[in-house]
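S.K.: Supplied in structure tokens, the structure appears directly below.
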Protein chains: 2
Amino acid sequence: MPVDTIAVHENQVKIIDQTLLPLKMEYITIHTIGEMWEAIKVLRIRGAPAIGIAAAFGVFLGVKESRAQDFDTFWKDVEKATDFLASARPTAVNLFWALDRIKKLVQYNREHSISELKKVIFDEAVCMIKEDNAICRTLGEFGADLLNDGDGVLTHCNAGGLATARYGTALAPIYVAKEQGKHITVFSDETRPLLQGARLTAWELHQEGIPVTLICDNMAAAVMAKGWVQAVIVGTDRTAANGDVANKIGTYGVAILAKEHGIPFYVAAPTSSIDMTLSHGDQISIEERAAEEITHGFGLQTAPEGIRVYNPAFDVTPNRYVTGIITEKDVVYPPYSENLKKLF
Amino acid sequence: MPVDTIAVHENQVKIIDQTLLPLKMEYITIHTIGEMWEAIKVLRIRGAPAIGIAAAFGVFLGVKESRAQDFDTFWKDVEKATDFLASARPTAVNLFWALDRIKKLVQYNREHSISELKKVIFDEAVCMIKEDNAICRTLGEFGADLLNDGDGVLTHCNAGGLATARYGTALAPIYVAKEQGKHITVFSDETRPLLQGARLTAWELHQEGIPVTLICDNMAAAVMAKGWVQAVIVGTDRTAANGDVANKIGTYGVAILAKEHGIPFYVAAPTSSIDMTLSHGDQISIEERAAEEITHGFGLQTAPEGIRVYNPAFDVTPNRYVTGIITEKDVVYPPYSENLKKLF
């Protein structure tokens, strides 16, 4: 069973520090909201669902020392904490979803005492872990039905156990298929510039004894041409109501390659990552990250001084490339505008 | 004007050590055939045309101290040198082409004295530099006609001046277009695992004052979707008689993306890189390189210990994705089997 990415022991929040992987597997204890903000910002914890849960714990850490005596003062502390955490990753819809959820919960329980409210927030964050495990598990079962014994699956970035509390989204179908006795082999795009595929996906599948072959992003087409890939499954940071999918940069290219080779392209999307308020993917704002991620990949300078760089963190895959969206409620097929509405 | 990749000063062969780029631009003198073999092997000099010229000088270095008194003994030394150099890079057709050319030349001049034969080889290598410059220049003129003022051009790997004696193949049209007063901007794929796009293409274009934006390989699709690219131009290590193109891994994927976005995909191919003895691209053997290039890319380990890796150096782009093949004789369009035959 995949490792716990975020765990609670004796009321302490621990996360796997993913910046140390794949060389070192280490839990760190997060003591303050500032530490949680930093952990989200520098990707010690990443992946849409895991960020949501981390943010919920972050709110708790932000208000647990609050000296507020009345609800209005406490509410100001909650808002300060949620605003701060929201600034850590501007594209991740789950972050906002989780923060909103905590805010609504606090408002709903406004008649309770401040110390009870603190406990309500903590319990909700713990509940989100359990919920996430259930969601990923069910999503994985729907996804596993799409895979056959002997299939090769290509994935991009890490939407694995390390991106959620435990099972993952894109990798959940693979974990479940393995339990069902199916032999699945995985091709993991290394996913430049931050190499989540090499560092995280390859690591967690390897840990679980699932055969995985690491490739550079530009090798996906050659691997598909060889007939080694029967399905692509990727995660999503945010999917629009029409089925346009924002995910790690490079996803859109993989979708085109899959279409060209007649390979189904699936998106594993917990319903919390589907934003029904967005009619199209082009309304999704795309975070641009620092040039140094490309020019100074891992401490070493590999590009000329002063070179211009374009470094978007995400791209948007238009719905016409998406064979199916695997959620925890069902697998949704086109037309997405119609069928996603039915799902909700 | 692009820098000289390989140069002769006072009978000494100097090459730019491309493993030091983009941090340091340094010529090294190659004194022996062993040094030349090593320079080709570890990519101090790379790119199909440049390798051919380097190999010709390598033969000279291999036989210049030959004590042979008769042709048959000298011929054995020539064969020993050419066999050795051929083993440095098994996929590069230009390497074999250049070695064959030297061998034929030696046979043709077999009536000459041994010292005259040594000079014949040296002069031929010098002549190959001039020839290469003329070929690349003419190819660049044909290619420049395909580009319009304001165009964005995407390229993969380095088929630039650094891959030839001076002008490059894929970049020659851009250098010539600039001379013609056209404003061309270039998107350079970084080209994992060895980052020739980041280290070499970005460097040489930047040196020449041509606007270049560096991207990771997996960003090409997003850049195309933005409408920033009006043409793709890549080089080739070996093109078959039917127009199937072997080139740096990732080229095939770029070709598919270009097709999907309605962008013309051109291959800059000096006729010496077109192998009319191969009817199809699937007859081209694909070199697989060490896993460490991917797992320890930047000197740092970025993938789990013992992970399986697939690391092909090249892929084959089927002719149906190729809009045109730019040679030094003309731009060739489909049907390639017919039109390449006419060219030769």
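As shown in the structure tokens, the chain order sets the letters A, B, ...; within each chain, residues go from 1, and ligands are also counted from 1 in the order they appear.
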Could you write out as a list in words the residues of chain A within 6 Å of chain B, counting only C-alpha atoms?
M.R.: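 Residues passing the distance filter: Pro22, Ala198, Arg199, Trp203, Thr213, Leu214, Ile215, Asn218, Met219, Ala221, Gly250, Gly253, Thr302, Ala303, Pro304, Arg308, Val309 and Tyr310 of chain A.
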S.K.: Give me the residues within 8 Å of Arg44 in chain B as a PyMOL selection string, counting only C-alpha atoms and dropping any in the same chain fewer than 5 places off.
M.R.: chain B and resi 16-19+39
S.K.: Write a file of the selected residues as a compact mmCIF listing (two decimals), in the first residue's frame, keeping C-alpha atoms.
M.R.:
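The resulting again.txt:
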# COMPACT_ATOMS: atom_id res chain seq x y z
CA ILE B 16 35.51 24.12 -29.87
CA ASP B 17 35.13 21.84 -26.84
CA GLN B 18 31.34 21.78 -26.77
CA THR B 19 31.18 19.97 -23.45
CA ALA B 39 36.28 14.02 -28.79
S.K.: What is the CA of Glu116 in chain B to CA of Ala81 in chain B distance in Å?
M.R.: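 Calculated distance between CA of Glu116 in chain B and CA of Ala81 in chain B is 17.7 Å.
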S.K.: Please provide the set of residues having any atom within 8 Å of Ala269 in chain B, restricted to only C-alpha atoms, with same-chain residues fewer than 2 positions apart removed, written as a VMD selection string.
M.R.: chain B and resid 169 235 to 236 239 267 271 to 274 325 to 328
S.K.: From a backbone DSSP assignment, name each residue in range 143-286 of chain B labelled strand (DSSP E or B), as a VMD selection string.
M.R.: chain B and resid 152 to 155 185 to 189 212 to 215 231 to 234 238 to 240 245 to 248 265 to 268 274 to 275
S.K.: Write a file of the just-selected residues containing N, CA, C and O atoms, as a tab-separated table (two decimals), in the first residue's frame.
M.R.:
chain	number	residue	atom	x	y	z
B	152	GLY	N	8.20	32.96	-36.05
B	152	GLY	CA	8.81	32.22	-34.95
B	152	GLY	C	9.17	30.83	-35.48
B	152	GLY	O	8.39	30.21	-36.20
B	153	VAL	N	10.37	30.37	-35.17
B	153	VAL	CA	10.82	29.06	-35.62
B	153	VAL	C	11.17	28.23	-34.40
B	153	VAL	O	11.90	28.69	-33.51
B	154	LEU	N	10.65	27.02	-34.34
B	154	LEU	CA	11.01	26.12	-33.25
B	154	LEU	C	12.03	25.11	-33.77
B	154	LEU	O	11.90	24.59	-34.88
B	155	THR	N	13.07	24.87	-32.97
B	155	THR	CA	14.04	23.85	-33.35
B	155	THR	C	14.34	22.96	-32.15
B	155	THR	O	14.07	23.31	-31.00
B	185	THR	N	12.36	34.95	-34.67
B	185	THR	CA	12.62	34.58	-33.27
B	185	THR	C	12.60	33.07	-33.20
B	185	THR	O	11.87	32.40	-33.93
B	186	VAL	N	13.42	32.54	-32.32
B	186	VAL	CA	13.60	31.08	-32.26
B	186	VAL	C	13.17	30.56	-30.90
B	186	VAL	O	13.44	31.19	-29.86
B	187	PHE	N	12.47	29.44	-30.88
B	187	PHE	CA	12.21	28.68	-29.66
B	187	PHE	C	13.10	27.46	-29.69
B	187	PHE	O	13.04	26.67	-30.64
B	188	SER	N	13.92	27.34	-28.69
B	188	SER	CA	14.89	26.24	-28.66
B	188	SER	C	14.48	25.24	-27.58
B	188	SER	O	14.50	25.55	-26.38
B	189	ASP	N	14.08	24.03	-28.00
B	189	ASP	CA	13.83	22.94	-27.04
B	189	ASP	C	15.14	22.64	-26.32
B	189	ASP	O	16.18	22.49	-26.97
B	212	VAL	N	16.16	34.40	-28.96
B	212	VAL	CA	15.90	32.98	-28.75
B	212	VAL	C	15.29	32.80	-27.36
B	212	VAL	O	15.71	33.45	-26.40
B	213	THR	N	14.26	31.98	-27.30
B	213	THR	CA	13.63	31.65	-26.03
B	213	THR	C	13.83	30.16	-25.77
B	213	THR	O	13.49	29.33	-26.60
B	214	LEU	N	14.40	29.88	-24.61
B	214	LEU	CA	14.65	28.49	-24.23
B	214	LEU	C	13.41	27.91	-23.55
B	214	LEU	O	12.82	28.55	-22.68
B	215	ILE	N	13.03	26.71	-23.97
B	215	ILE	CA	11.91	26.02	-23.33
B	215	ILE	C	12.30	24.58	-23.03
B	215	ILE	O	13.21	24.03	-23.66
B	231	ALA	N	7.05	27.90	-38.12
B	231	ALA	CA	7.76	26.81	-38.80
B	231	ALA	C	8.62	26.06	-37.80
B	231	ALA	O	9.13	26.65	-36.84
B	232	VAL	N	8.75	24.76	-38.02
B	232	VAL	CA	9.73	23.96	-37.27
B	232	VAL	C	10.82	23.59	-38.25
B	232	VAL	O	10.54	23.20	-39.39
B	233	ILE	N	12.07	23.76	-37.85
B	233	ILE	CA	13.19	23.27	-38.66
B	233	ILE	C	14.10	22.46	-37.75
B	233	ILE	O	14.53	22.93	-36.70
B	234	VAL	N	14.38	21.23	-38.16
B	234	VAL	CA	15.30	20.38	-37.40
B	234	VAL	C	16.37	19.83	-38.35
B	234	VAL	O	16.22	19.91	-39.57
B	238	ARG	N	20.35	11.03	-40.23
B	238	ARG	CA	20.28	10.09	-41.35
B	238	ARG	C	18.85	10.08	-41.86
B	238	ARG	O	17.91	9.87	-41.08
B	239	THR	N	18.70	10.32	-43.13
B	239	THR	CA	17.37	10.32	-43.74
B	239	THR	C	17.35	9.23	-44.80
B	239	THR	O	18.29	9.08	-45.58
B	240	ALA	N	16.26	8.44	-44.80
B	240	ALA	CA	16.15	7.32	-45.74
B	240	ALA	C	15.64	7.81	-47.10
B	240	ALA	O	15.17	8.95	-47.22
B	245	VAL	N	12.96	10.26	-41.37
B	245	VAL	CA	14.05	11.07	-40.84
B	245	VAL	C	14.50	10.57	-39.46
B	245	VAL	O	13.72	10.60	-38.51
B	246	ALA	N	15.75	10.12	-39.35
B	246	ALA	CA	16.30	9.83	-38.02
B	246	ALA	C	16.98	11.10	-37.52
B	246	ALA	O	17.80	11.70	-38.21
B	247	ASN	N	16.59	11.49	-36.33
B	247	ASN	CA	17.21	12.68	-35.72
B	247	ASN	C	17.12	12.52	-34.21
B	247	ASN	O	16.55	11.55	-33.69
B	248	LYS	N	17.68	13.46	-33.49
B	248	LYS	CA	17.71	13.44	-32.01
B	248	LYS	C	16.36	13.03	-31.43
B	248	LYS	O	15.32	13.47	-31.90
B	265	PHE	N	6.71	21.45	-41.01
B	265	PHE	CA	7.83	20.79	-40.34
B	265	PHE	C	8.90	20.50	-41.39
B	265	PHE	O	8.71	19.66	-42.27
B	266	TYR	N	10.00	21.22	-41.32
B	266	TYR	CA	11.07	21.08	-42.29
B	266	TYR	C	12.28	20.36	-41.70
B	266	TYR	O	12.61	20.56	-40.52
B	267	VAL	N	12.93	19.58	-42.54
B	267	VAL	CA	14.17	18.91	-42.14
B	267	VAL	C	15.29	19.47	-43.00
B	267	VAL	O	15.20	19.45	-44.23
B	268	ALA	N	16.32	20.01	-42.35
B	268	ALA	CA	17.49	20.51	-43.07
B	268	ALA	C	18.46	19.34	-43.22
B	268	ALA	O	19.01	18.87	-42.23
B	274	ILE	N	21.58	12.01	-46.46
B	274	ILE	CA	20.48	11.21	-47.03
B	274	ILE	C	21.08	9.90	-47.55
B	274	ILE	O	21.98	9.90	-48.38
B	275	ASP	N	20.57	8.81	-47.01
B	275	ASP	CA	21.14	7.50	-47.32
B	275	ASP	C	20.21	6.78	-48.29
B	275	ASP	O	19.23	6.14	-47.89
S.K.: Given only C-alpha atoms as the basis, pick out the residue of B:Ile263, B:Leu105, B:Pro49, B:Ile210 nearest to Val229 in chain B.
M.R.: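 Going through B:Ile263, B:Leu105, B:Pro49, B:Ile210 one by one, the smallest distance to Val229 in chain B is for B:Ile263.
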S.K.: Could you please determine the separation between CA of Ala86 in chain A and CA of Val120 in chain A in Å, to one decimal place?
M.R.: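 Distance reported for this atom pair: 20.3 Å.
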S.K.: Find the distance between CA of Ala98 in chain B and CA of Pro334 in chain B and write it in Å to one decimal.
M.R.: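 Computed distance, CA of Ala98 in chain B to CA of Pro334 in chain B, equals 28.0 Å.
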S.K.: Leaving out Leu343 in chain B and any residue of its chain fewer than 2 positions from it, which residues lie within 10 Å of it when counting only C-alpha atoms, given as a PyMOL selection string?
M.R.: chain B and resi 271+327+329-332+336+338-341
S.K.: Can you write out the residues you just picked, keeping N, CA, C and O atoms, as a PDB file, in the first residue's frame?
M.R.:
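For reference, out-v6.pdb as written:
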ATOM      1  N   THR B 271      22.762  16.648 -48.592  1.00  0.00           N
ATOM      2  CA  THR B 271      22.581  15.364 -49.301  1.00  0.00           C
ATOM      3  C   THR B 271      23.466  14.267 -48.716  1.00  0.00           C
ATOM      4  O   THR B 271      23.120  13.094 -48.808  1.00  0.00           O
ATOM      5  N   THR B 327      17.651  20.767 -48.784  1.00  0.00           N
ATOM      6  CA  THR B 327      19.019  20.312 -49.066  1.00  0.00           C
ATOM      7  C   THR B 327      19.795  21.473 -49.694  1.00  0.00           C
ATOM      8  O   THR B 327      19.241  22.548 -49.910  1.00  0.00           O
ATOM      9  N   LYS B 329      20.738  21.367 -52.648  1.00  0.00           N
ATOM     10  CA  LYS B 329      20.419  21.397 -54.078  1.00  0.00           C
ATOM     11  C   LYS B 329      19.041  21.987 -54.336  1.00  0.00           C
ATOM     12  O   LYS B 329      18.795  22.567 -55.397  1.00  0.00           O
ATOM     13  N   ASP B 330      18.141  21.799 -53.389  1.00  0.00           N
ATOM     14  CA  ASP B 330      16.770  22.272 -53.555  1.00  0.00           C
ATOM     15  C   ASP B 330      15.972  21.890 -52.310  1.00  0.00           C
ATOM     16  O   ASP B 330      16.451  21.108 -51.486  1.00  0.00           O
ATOM     17  N   VAL B 331      14.762  22.426 -52.217  1.00  0.00           N
ATOM     18  CA  VAL B 331      13.832  21.935 -51.195  1.00  0.00           C
ATOM     19  C   VAL B 331      13.023  20.815 -51.845  1.00  0.00           C
ATOM     20  O   VAL B 331      12.457  21.001 -52.924  1.00  0.00           O
ATOM     21  N   VAL B 332      13.024  19.659 -51.197  1.00  0.00           N
ATOM     22  CA  VAL B 332      12.335  18.499 -51.765  1.00  0.00           C
ATOM     23  C   VAL B 332      11.011  18.314 -51.034  1.00  0.00           C
ATOM     24  O   VAL B 332      10.959  18.364 -49.800  1.00  0.00           O
ATOM     25  N   TYR B 336       8.477  11.659 -51.446  1.00  0.00           N
ATOM     26  CA  TYR B 336       9.930  11.675 -51.286  1.00  0.00           C
ATOM     27  C   TYR B 336      10.647  10.576 -52.054  1.00  0.00           C
ATOM     28  O   TYR B 336      11.733  10.798 -52.581  1.00  0.00           O
ATOM     29  N   GLU B 338      10.094   9.366 -54.807  1.00  0.00           N
ATOM     30  CA  GLU B 338      10.244   9.835 -56.184  1.00  0.00           C
ATOM     31  C   GLU B 338      11.178  11.045 -56.255  1.00  0.00           C
ATOM     32  O   GLU B 338      12.129  11.065 -57.042  1.00  0.00           O
ATOM     33  N   ASN B 339      10.924  12.019 -55.415  1.00  0.00           N
ATOM     34  CA  ASN B 339      11.606  13.307 -55.559  1.00  0.00           C
ATOM     35  C   ASN B 339      13.034  13.314 -55.026  1.00  0.00           C
ATOM     36  O   ASN B 339      13.870  14.078 -55.505  1.00  0.00           O
ATOM     37  N   LEU B 340      13.313  12.455 -54.041  1.00  0.00           N
ATOM     38  CA  LEU B 340      14.707  12.356 -53.592  1.00  0.00           C
ATOM     39  C   LEU B 340      15.536  11.654 -54.664  1.00  0.00           C
ATOM     40  O   LEU B 340      16.695  12.002 -54.890  1.00  0.00           O
ATOM     41  N   LYS B 341      14.927  10.656 -55.326  1.00  0.00           N
ATOM     42  CA  LYS B 341      15.642   9.956 -56.408  1.00  0.00           C
ATOM     43  C   LYS B 341      16.024  10.948 -57.518  1.00  0.00           C
ATOM     44  O   LYS B 341      17.132  10.938 -58.024  1.00  0.00           O
TER      45      LYS B 341
END
S.K.: I need the alpha helix (DSSP H) residues of range 184-235 of chain B per DSSP on the backbone, written as a list in words.
M.R.: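 Of range 184-235 of chain B, only Gln196, Ala202, Trp203, Glu204, Leu205, His206, Gln207, Ala220, Ala221, Ala222, Val223, Met224 and Ala225 of chain B fall in alpha helix (DSSP H).
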S.K.: Selection from above, C-alpha atoms, as a PDB file, in the first residue's frame, can you write it?
M.R.:
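Done, and the output landed in out-v9.pdb:
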ATOM      1  CA  GLN B 196      22.116  20.457 -26.642  1.00  0.00           C
ATOM      2  CA  ALA B 202      20.548  28.891 -27.294  1.00  0.00           C
ATOM      3  CA  TRP B 203      24.221  29.826 -26.933  1.00  0.00           C
ATOM      4  CA  GLU B 204      25.071  30.212 -30.611  1.00  0.00           C
ATOM      5  CA  LEU B 205      21.882  32.115 -31.512  1.00  0.00           C
ATOM      6  CA  HIS B 206      22.302  34.383 -28.498  1.00  0.00           C
ATOM      7  CA  GLN B 207      25.928  35.013 -29.590  1.00  0.00           C
ATOM      8  CA  ALA B 220       6.665  22.907 -27.340  1.00  0.00           C
ATOM      9  CA  ALA B 221       2.962  22.082 -27.623  1.00  0.00           C
ATOM     10  CA  ALA B 222       1.959  24.999 -25.376  1.00  0.00           C
ATOM     11  CA  VAL B 223       4.149  27.403 -27.369  1.00  0.00           C
ATOM     12  CA  MET B 224       2.595  26.185 -30.633  1.00  0.00           C
ATOM     13  CA  ALA B 225      -0.926  26.549 -29.209  1.00  0.00           C
TER      14      ALA B 225
END
S.K.: With distances taken over only C-alpha atoms, which of B:Phe71, B:Thr138, B:Asp123, B:Lys64 is nearest to Glu111 in chain B?
M.R.: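 Result for the nearest residue to Glu111 in chain B: B:Phe71.
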S.K.: When you look at range 50-59 of chain A with a cut-off of 6 Å (counting only C-alpha atoms), what residues show up, excluding the ones that are within fewer than 2 positions of it in the same chain? I need them as a short mmCIF file (atom, residue, chain, number, x, y, z; two decimals) with all heavy atoms, in the first residue's frame.
M.R.:
data_model
loop_
_atom_site.label_atom_id
_atom_site.label_comp_id
_atom_site.auth_asym_id
_atom_site.auth_seq_id
_atom_site.Cartn_x
_atom_site.Cartn_y
_atom_site.Cartn_z
N ILE A 33 2.00 27.67 10.92
CA ILE A 33 1.40 27.99 9.62
C ILE A 33 2.48 28.46 8.64
O ILE A 33 2.42 28.16 7.44
CB ILE A 33 0.27 29.05 9.76
CG1 ILE A 33 -0.42 29.31 8.42
CG2 ILE A 33 0.79 30.35 10.38
CD1 ILE A 33 -1.62 30.24 8.50
N MET A 36 4.05 25.55 7.15
CA MET A 36 3.17 24.90 6.16
C MET A 36 3.14 25.69 4.87
O MET A 36 3.17 25.13 3.78
CB MET A 36 1.74 24.76 6.73
CG MET A 36 0.84 23.88 5.88
SD MET A 36 1.45 22.16 5.73
CE MET A 36 0.55 21.39 7.10
N ARG A 46 3.06 18.59 -2.44
CA ARG A 46 2.50 19.12 -3.68
C ARG A 46 1.49 18.11 -4.20
O ARG A 46 1.34 17.02 -3.67
CB ARG A 46 3.56 19.46 -4.73
CG ARG A 46 4.90 18.81 -4.65
CD ARG A 46 4.89 17.36 -4.96
NE ARG A 46 4.27 17.09 -6.24
CZ ARG A 46 3.68 15.97 -6.57
NH1 ARG A 46 3.62 14.96 -5.70
NH2 ARG A 46 3.14 15.78 -7.75
N GLY A 47 0.80 18.50 -5.27
CA GLY A 47 -0.29 17.68 -5.78
C GLY A 47 -1.58 18.25 -5.22
O GLY A 47 -1.68 18.53 -4.03
N ALA A 48 -2.58 18.42 -6.11
CA ALA A 48 -3.79 19.15 -5.73
C ALA A 48 -4.43 18.64 -4.42
O ALA A 48 -4.60 19.43 -3.48
CB ALA A 48 -4.79 19.10 -6.88
N LEU A 61 -3.01 25.30 12.39
CA LEU A 61 -1.75 25.76 12.99
C LEU A 61 -1.74 27.29 13.13
O LEU A 61 -1.16 27.83 14.07
CB LEU A 61 -0.55 25.31 12.15
CG LEU A 61 -0.32 23.79 12.09
CD1 LEU A 61 0.76 23.45 11.06
CD2 LEU A 61 0.07 23.25 13.47
N GLY A 62 -2.42 27.95 12.19
CA GLY A 62 -2.47 29.42 12.21
C GLY A 62 -3.34 29.98 13.32
O GLY A 62 -3.12 31.11 13.78
N ALA A 81 -5.28 33.67 8.29
CA ALA A 81 -4.60 32.39 8.01
C ALA A 81 -4.93 31.89 6.60
O ALA A 81 -4.04 31.47 5.85
CB ALA A 81 -5.02 31.34 9.05
N ASN A 94 -7.65 23.18 -5.49
CA ASN A 94 -7.90 22.45 -4.24
C ASN A 94 -7.52 23.24 -3.00
O ASN A 94 -8.08 23.06 -1.93
CB ASN A 94 -7.11 21.13 -4.21
CG ASN A 94 -7.88 20.02 -4.83
OD1 ASN A 94 -8.28 20.15 -5.97
ND2 ASN A 94 -8.13 18.96 -4.07
N LEU A 95 -6.53 24.08 -3.17
CA LEU A 95 -6.10 24.94 -2.06
C LEU A 95 -7.27 25.84 -1.66
O LEU A 95 -7.66 25.90 -0.49
CB LEU A 95 -4.90 25.76 -2.54
CG LEU A 95 -4.23 26.72 -1.57
CD1 LEU A 95 -3.69 25.99 -0.36
CD2 LEU A 95 -3.08 27.45 -2.27
N ALA A 98 -10.25 23.85 -0.24
CA ALA A 98 -10.05 23.42 1.15
C ALA A 98 -10.20 24.59 2.11
O ALA A 98 -10.82 24.47 3.18
CB ALA A 98 -8.68 22.78 1.30
N ALA A 125 -9.67 18.62 9.20
CA ALA A 125 -8.47 18.30 8.42
C ALA A 125 -8.20 16.80 8.47
O ALA A 125 -7.86 16.18 7.45
CB ALA A 125 -7.27 19.10 8.95
N ALA A 163 0.89 12.78 -4.24
CA ALA A 163 0.14 14.01 -4.55
C ALA A 163 -1.16 14.07 -3.77
O ALA A 163 -1.86 15.07 -3.81
CB ALA A 163 -0.14 14.07 -6.04
N THR A 164 -1.49 12.99 -3.08
CA THR A 164 -2.72 12.93 -2.30
C THR A 164 -2.33 12.47 -0.90
O THR A 164 -1.15 12.45 -0.55
CB THR A 164 -3.70 11.92 -2.92
OG1 THR A 164 -3.11 10.60 -2.84
CG2 THR A 164 -3.97 12.24 -4.39
N ALA A 165 -3.32 12.10 -0.09
CA ALA A 165 -2.97 11.59 1.22
C ALA A 165 -2.29 10.22 1.10
O ALA A 165 -1.34 9.91 1.80
CB ALA A 165 -4.22 11.48 2.09
#
S.K.: Considering only C-alpha atoms, can you say which of A:Ile102, A:Val93, A:Ile6, A:Cys157 comes closest to Val63 in chain A?
M.R.: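 Closest candidate: A:Ile102.
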